[in-house]
Amino acid sequence: MTLSDIAAATERALPEMTDDLRTLVELETPSDDKHLLDAGLAAIHDWLVARLGEPDETERHDCGPHGDVLAVTYRGTAPGTALLLCHYDTVWPAGTLAEWPFEVTDGKASGPGVFDMKTGLVQAVWALRLLRELELPHPSVRLLLNGDEEIGSLSSRPHIERLSDGVLATLVFEAAQNGALKTSRKGVGLFDVTAHGVESHAGLDPLAGASAIHALAEAIPHITALGAPERGTTVNVGLISGGTGRNVVAAQARCGIDIRIAEPAEMARIDAAFGALAPADPRVRLAVSGGWNRPPMVPNEPSRHLFKQAHAIAAELGWELEETAVGGASDGNFVSALGRPVLDGLGALGSGAHARHEHTLLDAVPARTALAVGLLTALASDAS
């Protein structure tokens, strides 16, 4: 069985894969709607069984108000296990589908969540289906689906870290970046700085007050100065609020900050700088909350080897596979930070994540699926 045979099989499967994509997109699964997430995951489980049969192992973990984690394992024909990592939640609120239904036009599939990342989920499942249909050697495959990726994976992170332990590789089916695999991702820090001042009348007794807004305005330049583009560190104060009236010295003000880092050492530097923030007026107190949501994904040696394998497989399939670094984070960051082999961006080609022009290029789906099939077969050879 050659890679050309695999590519031909994925081409033949495209109509069914497109039907499956429609099925998943028409399951609304917004990150903040537990009822829809539960219903969506139940439907996805039924779809998995229809496409792959009953799993050899099944774990479902209650994640409270967030989408549950479902992990299913299908036994392979070679030693070891590969983890396929996907999320089923989307940023789109309930009701979006009514005004923006799934549609295929000129080879582009559009609809809420089609690019981020329901196409990737279809590709992951079909990669395993084709491995089995074509009777190709492959390790056991563990498919992990989480429902809180878009809001930081706070509930699913421990399960991702646990279930990626000891695997041959973790393959993340997030969308590609212009066709390139994502071998580096920035870490993300989400912080809030709140100023607590002393309220007073701005006209009758201005000096009795200590303005939280003024103190926060003093602090923000120190915060934004933490940016270091030469190190890959960016700082954005994206939200600000405070005060109760124009003629009131504000008792409270708050800003929300997004920080992206490429180097792990930046976390300590920025933490220390936040700890040193001090308002000029001693009557005002500054409080920092939040923290680091995801560590940066820095390529390790096992991950570099994994990309080289993917590059060689793509070349045999007839196309040039590139790698790239991106500012966004994914669940792959957690795996990479533990020194484990991970490859990200194996999902859809297209664009428009989190935007109304979100779409997937259907012509690219077979080749991306064939790449995943080839990688899993290569992992079987490595483990033998």
# chains A, B, ... in the order shown; residues from 1 in each chain; ligands from 1
>>> residues_around(residues="Asp258 in chain A", least_positions_apart="2", cutoff="8 Å", atoms="only C-alpha atoms", output="mmCIF file with all heavy atoms, in the first residue's frame")
data_model
loop_
_atom_site.group_PDB
_atom_site.id
_atom_site.type_symbol
_atom_site.label_atom_id
_atom_site.label_comp_id
_atom_site.auth_asym_id
_atom_site.auth_seq_id
_atom_site.Cartn_x
_atom_site.Cartn_y
_atom_site.Cartn_z
ATOM 1 N N VAL A 188 0.188 32.328 26.550
ATOM 2 C CA VAL A 188 -0.821 33.368 26.772
ATOM 3 C C VAL A 188 -0.979 33.636 28.267
ATOM 4 O O VAL A 188 -1.166 32.711 29.054
ATOM 5 C CB VAL A 188 -2.188 32.952 26.184
ATOM 6 C CG1 VAL A 188 -3.230 34.048 26.425
ATOM 7 C CG2 VAL A 188 -2.065 32.650 24.704
ATOM 8 N N GLY A 189 -0.913 34.905 28.630
ATOM 9 C CA GLY A 189 -1.237 35.343 29.977
ATOM 10 C C GLY A 189 -2.448 36.242 29.948
ATOM 11 O O GLY A 189 -2.529 37.170 29.125
ATOM 12 N N LEU A 190 -3.414 35.968 30.809
ATOM 13 C CA LEU A 190 -4.646 36.763 30.893
ATOM 14 C C LEU A 190 -4.712 37.356 32.299
ATOM 15 O O LEU A 190 -4.923 36.630 33.278
ATOM 16 C CB LEU A 190 -5.874 35.898 30.605
ATOM 17 C CG LEU A 190 -5.856 35.153 29.265
ATOM 18 C CD1 LEU A 190 -7.055 34.229 29.157
ATOM 19 C CD2 LEU A 190 -5.820 36.137 28.101
ATOM 20 N N PHE A 191 -4.507 38.651 32.399
ATOM 21 C CA PHE A 191 -4.409 39.323 33.684
ATOM 22 C C PHE A 191 -5.433 40.447 33.792
ATOM 23 O O PHE A 191 -5.821 41.059 32.786
ATOM 24 C CB PHE A 191 -3.011 39.921 33.866
ATOM 25 C CG PHE A 191 -1.906 38.903 33.924
ATOM 26 C CD1 PHE A 191 -1.272 38.479 32.772
ATOM 27 C CD2 PHE A 191 -1.501 38.374 35.143
ATOM 28 C CE1 PHE A 191 -0.250 37.540 32.822
ATOM 29 C CE2 PHE A 191 -0.482 37.442 35.210
ATOM 30 C CZ PHE A 191 0.143 37.026 34.047
ATOM 31 N N VAL A 235 2.091 42.932 24.616
ATOM 32 C CA VAL A 235 1.182 43.258 25.714
ATOM 33 C C VAL A 235 0.053 44.113 25.159
ATOM 34 O O VAL A 235 0.303 45.145 24.514
ATOM 35 C CB VAL A 235 1.911 44.016 26.846
ATOM 36 C CG1 VAL A 235 0.929 44.389 27.954
ATOM 37 C CG2 VAL A 235 3.058 43.173 27.405
ATOM 38 N N ASN A 236 -1.164 43.697 25.418
ATOM 39 C CA ASN A 236 -2.319 44.472 24.971
ATOM 40 C C ASN A 236 -3.284 44.690 26.127
ATOM 41 O O ASN A 236 -3.785 43.732 26.718
ATOM 42 C CB ASN A 236 -3.061 43.754 23.839
ATOM 43 C CG ASN A 236 -4.259 44.552 23.356
ATOM 44 O OD1 ASN A 236 -4.104 45.658 22.859
ATOM 45 N ND2 ASN A 236 -5.457 44.003 23.505
ATOM 46 N N VAL A 237 -3.528 45.958 26.457
ATOM 47 C CA VAL A 237 -4.589 46.301 27.400
ATOM 48 C C VAL A 237 -5.856 46.461 26.565
ATOM 49 O O VAL A 237 -6.058 47.458 25.886
ATOM 50 C CB VAL A 237 -4.269 47.591 28.177
ATOM 51 C CG1 VAL A 237 -5.409 47.937 29.130
ATOM 52 C CG2 VAL A 237 -2.962 47.426 28.952
ATOM 53 N N GLY A 238 -6.697 45.444 26.618
ATOM 54 C CA GLY A 238 -7.844 45.403 25.720
ATOM 55 C C GLY A 238 -9.156 45.828 26.334
ATOM 56 O O GLY A 238 -10.125 46.074 25.613
ATOM 57 N N GLY A 256 -8.221 44.879 31.618
ATOM 58 C CA GLY A 256 -7.967 43.496 31.226
ATOM 59 C C GLY A 256 -6.828 43.445 30.226
ATOM 60 O O GLY A 256 -6.791 44.223 29.269
ATOM 61 N N ARG A 260 1.262 37.858 25.261
ATOM 62 C CA ARG A 260 1.733 36.714 24.479
ATOM 63 C C ARG A 260 3.257 36.644 24.582
ATOM 64 O O ARG A 260 3.938 37.665 24.443
ATOM 65 C CB ARG A 260 1.331 36.854 23.008
ATOM 66 C CG ARG A 260 -0.154 37.118 22.784
ATOM 67 C CD ARG A 260 -0.973 35.861 22.917
ATOM 68 N NE ARG A 260 -2.395 36.143 23.020
ATOM 69 C CZ ARG A 260 -3.338 35.427 22.422
ATOM 70 N NH1 ARG A 260 -3.010 34.390 21.677
ATOM 71 N NH2 ARG A 260 -4.606 35.721 22.593
#
>>> residues_around(residues="Ser241 in chain A", least_positions_apart="3", cutoff="8 Å", atoms="only C-alpha atoms", output="number ranges by chain")
A: 253-255
>>> write_last_selection(atoms="all heavy atoms", output="tab-separated table (two decimals), in the first residue's frame")
chain	number	residue	atom	x	y	z
A	253	ALA	N	-11.28	51.00	39.52
A	253	ALA	CA	-11.06	50.93	38.07
A	253	ALA	C	-10.33	49.63	37.77
A	253	ALA	O	-9.61	49.09	38.61
A	253	ALA	CB	-10.26	52.13	37.58
A	254	ARG	N	-10.53	49.15	36.55
A	254	ARG	CA	-9.98	47.84	36.22
A	254	ARG	C	-9.60	47.78	34.75
A	254	ARG	O	-10.28	48.39	33.90
A	254	ARG	CB	-11.03	46.77	36.52
A	254	ARG	CG	-10.66	45.35	36.17
A	254	ARG	CD	-11.81	44.44	36.56
A	254	ARG	NE	-11.59	43.05	36.17
A	254	ARG	CZ	-12.46	42.08	36.37
A	254	ARG	NH1	-13.62	42.35	36.98
A	254	ARG	NH2	-12.20	40.85	36.00
A	255	CYS	N	-8.53	47.07	34.44
A	255	CYS	CA	-8.19	46.83	33.04
A	255	CYS	C	-7.90	45.36	32.82
A	255	CYS	O	-7.44	44.65	33.73
A	255	CYS	CB	-7.00	47.69	32.60
A	255	CYS	SG	-5.42	47.31	33.37
>>> select_by_dssp(residues="range 347-376 of chain A", states="alpha helix (DSSP H)", output="VMD selection string")
chain A and resid 365 to 376
>>> residues_around(residues="Val365 in chain A", least_positions_apart="3", cutoff="12 Å", atoms="only C-alpha atoms", output="PyMOL selection string")
chain A and resi 7+9-18+21+107-109+115+118-124+126-127+173+175-176+179+346-350+360-362+368-372
>>> write_last_selection(atoms="C-alpha atoms", output="PDB file, in the first residue's frame")
ATOM      1  CA  ALA A   7      -4.412   9.612  -1.211  1.00  0.00           C
ATOM      2  CA  ALA A   9      -8.808   6.487  -0.813  1.00  0.00           C
ATOM      3  CA  THR A  10      -9.147   9.866   0.896  1.00  0.00           C
ATOM      4  CA  GLU A  11     -10.302  11.435  -2.387  1.00  0.00           C
ATOM      5  CA  ARG A  12     -13.028   8.794  -2.700  1.00  0.00           C
ATOM      6  CA  ALA A  13     -14.112   9.502   0.875  1.00  0.00           C
ATOM      7  CA  LEU A  14     -14.524  13.267   0.389  1.00  0.00           C
ATOM      8  CA  PRO A  15     -18.322  13.221  -0.249  1.00  0.00           C
ATOM      9  CA  GLU A  16     -18.913  11.278   2.969  1.00  0.00           C
ATOM     10  CA  MET A  17     -16.479  13.487   4.847  1.00  0.00           C
ATOM     11  CA  THR A  18     -18.366  16.548   3.621  1.00  0.00           C
ATOM     12  CA  LEU A  21     -18.773  17.989   8.328  1.00  0.00           C
ATOM     13  CA  GLY A 107     -15.510  24.306  -3.084  1.00  0.00           C
ATOM     14  CA  LYS A 108     -15.703  26.262   0.181  1.00  0.00           C
ATOM     15  CA  ALA A 109     -17.642  24.956   3.156  1.00  0.00           C
ATOM     16  CA  PHE A 115     -12.706  25.921  10.189  1.00  0.00           C
ATOM     17  CA  LYS A 118     -14.855  20.761  13.094  1.00  0.00           C
ATOM     18  CA  THR A 119     -13.117  19.972   9.816  1.00  0.00           C
ATOM     19  CA  GLY A 120     -10.116  18.845  11.858  1.00  0.00           C
ATOM     20  CA  LEU A 121     -12.323  16.512  13.873  1.00  0.00           C
ATOM     21  CA  VAL A 122     -13.709  14.963  10.690  1.00  0.00           C
ATOM     22  CA  GLN A 123     -10.190  14.491   9.321  1.00  0.00           C
ATOM     23  CA  ALA A 124      -8.981  12.859  12.540  1.00  0.00           C
ATOM     24  CA  TRP A 126     -11.513   9.528   8.904  1.00  0.00           C
ATOM     25  CA  ALA A 127      -7.760   9.074   9.203  1.00  0.00           C
ATOM     26  CA  PHE A 173      -6.136  18.888  14.475  1.00  0.00           C
ATOM     27  CA  ALA A 175      -6.567  24.431  11.414  1.00  0.00           C
ATOM     28  CA  ALA A 176      -3.387  24.952   9.418  1.00  0.00           C
ATOM     29  CA  GLY A 179      -1.156  25.137   4.787  1.00  0.00           C
ATOM     30  CA  LEU A 346      -3.084  19.116  10.996  1.00  0.00           C
ATOM     31  CA  GLY A 347      -6.642  20.303  10.431  1.00  0.00           C
ATOM     32  CA  ALA A 348      -8.380  22.395   7.805  1.00  0.00           C
ATOM     33  CA  LEU A 349      -7.089  24.692   5.120  1.00  0.00           C
ATOM     34  CA  GLY A 350      -9.145  27.859   4.836  1.00  0.00           C
ATOM     35  CA  THR A 360     -12.787  25.388   4.834  1.00  0.00           C
ATOM     36  CA  LEU A 361     -11.348  24.507   1.421  1.00  0.00           C
ATOM     37  CA  LEU A 362     -12.828  21.099   0.738  1.00  0.00           C
ATOM     38  CA  ARG A 368      -4.573  16.596   4.894  1.00  0.00           C
ATOM     39  CA  THR A 369      -6.312  13.367   5.887  1.00  0.00           C
ATOM     40  CA  ALA A 370      -3.793  11.329   3.897  1.00  0.00           C
ATOM     41  CA  LEU A 371      -0.990  13.126   5.746  1.00  0.00           C
ATOM     42  CA  ALA A 372      -2.487  12.053   9.074  1.00  0.00           C
TER      43      ALA A 372
END
>>> atom_distance(atom1="CA of Val284 in chain A", atom2="CA of Thr234 in chain A")
27.2 Å
>>> decode(residues="range 346-359 of chain A", atoms="all heavy atoms", output="PDB file, in the first residue's frame")
ATOM      1  N   LEU A 346      -2.800  20.187  11.952  1.00  0.00           N
ATOM      2  CA  LEU A 346      -3.084  19.116  10.996  1.00  0.00           C
ATOM      3  C   LEU A 346      -4.505  19.186  10.436  1.00  0.00           C
ATOM      4  O   LEU A 346      -4.900  18.332   9.646  1.00  0.00           O
ATOM      5  CB  LEU A 346      -2.865  17.757  11.664  1.00  0.00           C
ATOM      6  CG  LEU A 346      -1.394  17.392  11.879  1.00  0.00           C
ATOM      7  CD1 LEU A 346      -1.244  16.380  12.999  1.00  0.00           C
ATOM      8  CD2 LEU A 346      -0.793  16.857  10.585  1.00  0.00           C
ATOM      9  N   GLY A 347      -5.253  20.192  10.841  1.00  0.00           N
ATOM     10  CA  GLY A 347      -6.642  20.303  10.431  1.00  0.00           C
ATOM     11  C   GLY A 347      -6.839  21.023   9.112  1.00  0.00           C
ATOM     12  O   GLY A 347      -6.055  20.891   8.171  1.00  0.00           O
ATOM     13  N   ALA A 348      -7.873  21.837   9.062  1.00  0.00           N
ATOM     14  CA  ALA A 348      -8.380  22.395   7.805  1.00  0.00           C
ATOM     15  C   ALA A 348      -7.440  23.408   7.172  1.00  0.00           C
ATOM     16  O   ALA A 348      -6.667  24.092   7.841  1.00  0.00           O
ATOM     17  CB  ALA A 348      -9.718  23.068   8.072  1.00  0.00           C
ATOM     18  N   LEU A 349      -7.571  23.524   5.851  1.00  0.00           N
ATOM     19  CA  LEU A 349      -7.089  24.692   5.120  1.00  0.00           C
ATOM     20  C   LEU A 349      -8.289  25.593   4.864  1.00  0.00           C
ATOM     21  O   LEU A 349      -9.386  25.117   4.551  1.00  0.00           O
ATOM     22  CB  LEU A 349      -6.469  24.296   3.780  1.00  0.00           C
ATOM     23  CG  LEU A 349      -4.938  24.182   3.746  1.00  0.00           C
ATOM     24  CD1 LEU A 349      -4.482  23.078   4.664  1.00  0.00           C
ATOM     25  CD2 LEU A 349      -4.470  23.928   2.313  1.00  0.00           C
ATOM     26  N   GLY A 350      -8.076  26.882   5.007  1.00  0.00           N
ATOM     27  CA  GLY A 350      -9.145  27.859   4.836  1.00  0.00           C
ATOM     28  C   GLY A 350      -8.746  29.115   5.574  1.00  0.00           C
ATOM     29  O   GLY A 350      -7.564  29.422   5.710  1.00  0.00           O
ATOM     30  N   SER A 351      -9.734  29.825   6.093  1.00  0.00           N
ATOM     31  CA  SER A 351      -9.426  31.024   6.869  1.00  0.00           C
ATOM     32  C   SER A 351     -10.701  31.500   7.576  1.00  0.00           C
ATOM     33  O   SER A 351     -11.772  30.914   7.428  1.00  0.00           O
ATOM     34  CB  SER A 351      -8.872  32.153   5.983  1.00  0.00           C
ATOM     35  OG  SER A 351      -9.867  32.621   5.088  1.00  0.00           O
ATOM     36  N   GLY A 352     -10.543  32.585   8.340  1.00  0.00           N
ATOM     37  CA  GLY A 352     -11.694  33.227   8.956  1.00  0.00           C
ATOM     38  C   GLY A 352     -12.076  32.700  10.316  1.00  0.00           C
ATOM     39  O   GLY A 352     -13.240  32.836  10.718  1.00  0.00           O
ATOM     40  N   ALA A 353     -11.128  32.103  11.041  1.00  0.00           N
ATOM     41  CA  ALA A 353     -11.449  31.624  12.383  1.00  0.00           C
ATOM     42  C   ALA A 353     -12.060  32.741  13.214  1.00  0.00           C
ATOM     43  O   ALA A 353     -11.552  33.870  13.233  1.00  0.00           O
ATOM     44  CB  ALA A 353     -10.194  31.095  13.070  1.00  0.00           C
ATOM     45  N   HIS A 354     -13.183  32.451  13.876  1.00  0.00           N
ATOM     46  CA  HIS A 354     -13.879  33.386  14.767  1.00  0.00           C
ATOM     47  C   HIS A 354     -14.479  34.567  14.005  1.00  0.00           C
ATOM     48  O   HIS A 354     -14.802  35.597  14.605  1.00  0.00           O
ATOM     49  CB  HIS A 354     -12.938  33.920  15.867  1.00  0.00           C
ATOM     50  CG  HIS A 354     -12.359  32.861  16.744  1.00  0.00           C
ATOM     51  ND1 HIS A 354     -11.633  33.152  17.881  1.00  0.00           N
ATOM     52  CD2 HIS A 354     -12.380  31.514  16.665  1.00  0.00           C
ATOM     53  CE1 HIS A 354     -11.233  32.033  18.464  1.00  0.00           C
ATOM     54  NE2 HIS A 354     -11.679  31.019  17.717  1.00  0.00           N
ATOM     55  N   ALA A 355     -14.649  34.435  12.705  1.00  0.00           N
ATOM     56  CA  ALA A 355     -15.206  35.537  11.908  1.00  0.00           C
ATOM     57  C   ALA A 355     -16.275  34.988  10.966  1.00  0.00           C
ATOM     58  O   ALA A 355     -16.322  33.789  10.673  1.00  0.00           O
ATOM     59  CB  ALA A 355     -14.105  36.226  11.103  1.00  0.00           C
ATOM     60  N   ARG A 356     -17.121  35.879  10.464  1.00  0.00           N
ATOM     61  CA  ARG A 356     -18.244  35.444   9.622  1.00  0.00           C
ATOM     62  C   ARG A 356     -17.808  34.935   8.248  1.00  0.00           C
ATOM     63  O   ARG A 356     -18.616  34.362   7.521  1.00  0.00           O
ATOM     64  CB  ARG A 356     -19.252  36.589   9.452  1.00  0.00           C
ATOM     65  CG  ARG A 356     -20.184  36.775  10.648  1.00  0.00           C
ATOM     66  CD  ARG A 356     -21.032  35.522  10.867  1.00  0.00           C
ATOM     67  NE  ARG A 356     -21.927  35.674  12.002  1.00  0.00           N
ATOM     68  CZ  ARG A 356     -23.240  35.660  11.922  1.00  0.00           C
ATOM     69  NH1 ARG A 356     -23.833  35.505  10.760  1.00  0.00           N
ATOM     70  NH2 ARG A 356     -23.975  35.793  13.011  1.00  0.00           N
ATOM     71  N   HIS A 357     -16.559  35.149   7.878  1.00  0.00           N
ATOM     72  CA  HIS A 357     -16.095  34.576   6.615  1.00  0.00           C
ATOM     73  C   HIS A 357     -15.346  33.257   6.839  1.00  0.00           C
ATOM     74  O   HIS A 357     -14.647  32.760   5.965  1.00  0.00           O
ATOM     75  CB  HIS A 357     -15.208  35.558   5.839  1.00  0.00           C
ATOM     76  CG  HIS A 357     -13.938  35.941   6.544  1.00  0.00           C
ATOM     77  ND1 HIS A 357     -13.910  36.855   7.567  1.00  0.00           N
ATOM     78  CD2 HIS A 357     -12.663  35.514   6.375  1.00  0.00           C
ATOM     79  CE1 HIS A 357     -12.654  36.990   7.992  1.00  0.00           C
ATOM     80  NE2 HIS A 357     -11.881  36.180   7.292  1.00  0.00           N
ATOM     81  N   GLU A 358     -15.532  32.649   8.017  1.00  0.00           N
ATOM     82  CA  GLU A 358     -14.915  31.364   8.323  1.00  0.00           C
ATOM     83  C   GLU A 358     -15.297  30.322   7.270  1.00  0.00           C
ATOM     84  O   GLU A 358     -16.476  30.137   6.956  1.00  0.00           O
ATOM     85  CB  GLU A 358     -15.377  30.893   9.714  1.00  0.00           C
ATOM     86  CG  GLU A 358     -14.811  29.559  10.125  1.00  0.00           C
ATOM     87  CD  GLU A 358     -15.217  29.161  11.553  1.00  0.00           C
ATOM     88  OE1 GLU A 358     -15.975  29.919  12.192  1.00  0.00           O
ATOM     89  OE2 GLU A 358     -14.776  28.102  11.994  1.00  0.00           O
ATOM     90  N   HIS A 359     -14.280  29.647   6.732  1.00  0.00           N
ATOM     91  CA  HIS A 359     -14.566  28.621   5.726  1.00  0.00           C
ATOM     92  C   HIS A 359     -13.424  27.620   5.633  1.00  0.00           C
ATOM     93  O   HIS A 359     -12.294  27.896   6.037  1.00  0.00           O
ATOM     94  CB  HIS A 359     -14.815  29.246   4.354  1.00  0.00           C
ATOM     95  CG  HIS A 359     -13.592  29.899   3.770  1.00  0.00           C
ATOM     96  ND1 HIS A 359     -13.244  31.209   4.036  1.00  0.00           N
ATOM     97  CD2 HIS A 359     -12.603  29.403   2.959  1.00  0.00           C
ATOM     98  CE1 HIS A 359     -12.130  31.512   3.405  1.00  0.00           C
ATOM     99  NE2 HIS A 359     -11.715  30.439   2.742  1.00  0.00           N
TER     100      HIS A 359
END
